[in-house]
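A short worksheet on the structure shown next.
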Amino acid sequence: MKTVLITGGAGFIGTNLIHYLIDTHKIICVDNFISGSEENIQCFYGHQNFTFIKHNIIEPLEIETKIDQIYNLACPASPPFYQGKNALFTTKTCILGMINMLELANKHNATVLQASTSEVYGDPLEHPQKETYFGNVNPNGIRSCYDEGKRAAESLCFTYKSIFNTKIKIVRIFNTYGEYMDIDDGRVISNFICQTLQNKDVTLYGDGSQTRSFCYIQELLDILVKVMNSEEEITGPINIGNPSEFSIKELAETILAKLPQSSSKIIYKPLPKDDPTQRQPDISLAKKLFHWEPHITLSEGLDKTIAYFEKKLNVIKV
């Protein structure tokens with residue numbers, strides 16, 4: 001049985017990944033609860049395959065237990081969180097955290113998978129985005145702590161591979177949604193669902209014509225694990241996401257239609273600086289290497305996610 005370390009294990013993707021692996025792997029979950037939630041992982045406490053370490057990966061991490069794989073998911077991914085006062089923390093997590101995980105991988109001869117992001121493409125001039133596209137990123141904008149931090153983390157992975165032959169994998173994750181998203185994380189699907197369930201105004205930034213592509217979490221987990229367990233020469237970066245493209249206004253209207261009892265209405269606010277106008281992955285490489293592509297429609301995934309938030313909000317209101 002492999003031992004897998006998951007940083008950011010109490011976050012959205014991390015929690016779902018633990019559920020996915022817990023019965024077949026020894027899991028070491030690392031989180032500092034800055035953006036992750038202890039509530040997400042309490043169900044694992046006492047499980048024979050689960051160990052939790054409260055730690056900030058900005059600081060070096062010593063693990064005596066032999067580690068086989070590291071999923072580096074630790075980093076705030078919510079724009080309202082990583083902008084402003086948390087910008088420096090975000091950059092440090094991306095860069096110092098990556099260095100510490102690469103050092104740990106070297107020590108254990110483990111494979112480290114870096115959860116990179118579609119944000120490395122910035123506001124793209126190429127559409128859809130291929131892995132060969134270098135991006136259009138503002139290095140001094142309000143999103144740069146995250147965008148450039150993730151770009152630097154990718155560079156560090158290849159530097160370590162070149163110098164130390166570190167076993168690396170890089171995936172660029174496009175918009176993902178599903179259970180264990182945080183109510184207040186500021187991401188568009190959780191925002192729209194929670195606003196609608198609470199009869200609040202549904203807030204669109206700009207005119208709502210900007211596009212995104214949304215992948216349901218269970219399909220993302222499938223390709224994450226496939227990449228991690230692939231041949232050593234497959235390093236990535238590899239785009240993972242759902243290439244079906246929707247405007248933000250279409251998304252809002254779809255969610256409102258699924259919750260007709262809500263009194264919510266769409267309102268418009270100015271588009272934030274450097275907010276990408278288009279985002280769609282070219283997943284040809286994932287198809288070629290892993291015969292992978294998403295099949296769960298946005299409508300199906302939204303039904304599951306709405307059910308999760310209905311339960312979550314009811315618990316909070318009691």
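Following the order of the structure tokens, chains are lettered A, B, ..., residues in each are numbered from 1, and ligands are numbered from 1.
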
Excluding same-chain residues fewer than 6 positions from Asp182 of chain A, what lies within 9 Å of it counting only C-alpha atoms, as a list in words?
Gly11, Phe12, Ser35, Gly36, Ser37 and Ser190 of chain A

Non-local contacts of segment 247-260 of chain A (10 Å; only C-alpha atoms; under 6 positions in same chain excluded) as a VMD selection string
chain A and resid 188 to 189 191 to 193 195 to 197 202 to 214 266 277 to 279 298 to 299 302 to 303 306

Can you pull out every residue from segment 57-278 of chain A that DSSP, working from the backbone, puts in alpha helix (DSSP H), and format the result as a PyMOL selection string?
chain A and resi 79-82+87-108+144-164+188-197+217-228+248-258

Rank A:Tyr146, A:Tyr45, A:Tyr133, A:Phe33 by their smallest atom-to-atom distance to Ser78 of chain A, using only C-alpha atoms, and report the top residue only.
A:Tyr146

Please, which residues in segment 116-171 of chain A fall within 12 Å of segment 88-98 of chain A when counting only C-alpha atoms, and what is the closest atom pair and distance in Å to one decimal for each, ordered by chain then residue number, as JSON lines?
{"residue": "A:Ser116", "atom": "CA", "partner": "A:Cys94", "partner_atom": "CA", "distance": 9.5}
{"residue": "A:Thr117", "atom": "CA", "partner": "A:Cys94", "partner_atom": "CA", "distance": 11.5}
{"residue": "A:Ile142", "atom": "CA", "partner": "A:Leu88", "partner_atom": "CA", "distance": 11.4}
{"residue": "A:Arg143", "atom": "CA", "partner": "A:Thr90", "partner_atom": "CA", "distance": 10.3}
{"residue": "A:Ser144", "atom": "CA", "partner": "A:Thr91", "partner_atom": "CA", "distance": 8.7}
{"residue": "A:Cys145", "atom": "CA", "partner": "A:Thr91", "partner_atom": "CA", "distance": 5.1}
{"residue": "A:Tyr146", "atom": "CA", "partner": "A:Thr90", "partner_atom": "CA", "distance": 6.3}
{"residue": "A:Asp147", "atom": "CA", "partner": "A:Thr91", "partner_atom": "CA", "distance": 9.1}
{"residue": "A:Glu148", "atom": "CA", "partner": "A:Thr91", "partner_atom": "CA", "distance": 8.0}
{"residue": "A:Gly149", "atom": "CA", "partner": "A:Cys94", "partner_atom": "CA", "distance": 5.1}
{"residue": "A:Lys150", "atom": "CA", "partner": "A:Cys94", "partner_atom": "CA", "distance": 5.9}
{"residue": "A:Arg151", "atom": "CA", "partner": "A:Cys94", "partner_atom": "CA", "distance": 8.8}
{"residue": "A:Ala152", "atom": "CA", "partner": "A:Ile95", "partner_atom": "CA", "distance": 6.6}
{"residue": "A:Ala153", "atom": "CA", "partner": "A:Ile95", "partner_atom": "CA", "distance": 5.6}
{"residue": "A:Glu154", "atom": "CA", "partner": "A:Met98", "partner_atom": "CA", "distance": 8.8}
{"residue": "A:Ser155", "atom": "CA", "partner": "A:Ile95", "partner_atom": "CA", "distance": 9.7}
{"residue": "A:Leu156", "atom": "CA", "partner": "A:Met98", "partner_atom": "CA", "distance": 7.4}
{"residue": "A:Cys157", "atom": "CA", "partner": "A:Met98", "partner_atom": "CA", "distance": 7.9}
{"residue": "A:Phe158", "atom": "CA", "partner": "A:Met98", "partner_atom": "CA", "distance": 11.5}
{"residue": "A:Thr159", "atom": "CA", "partner": "A:Met98", "partner_atom": "CA", "distance": 11.6}
{"residue": "A:Tyr160", "atom": "CA", "partner": "A:Met98", "partner_atom": "CA", "distance": 10.5}
{"residue": "A:Ile168", "atom": "CA", "partner": "A:Met98", "partner_atom": "CA", "distance": 11.4}
{"residue": "A:Ile170", "atom": "CA", "partner": "A:Met98", "partner_atom": "CA", "distance": 11.9}

At what distance in Å, to one decimal, does atom CA of Asp282 of chain A lie from atom CA of Glu231 of chain A?
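Result for atom CA of Glu231 of chain A versus atom CA of Asp282 of chain A: 21.9 Å, one decimal.
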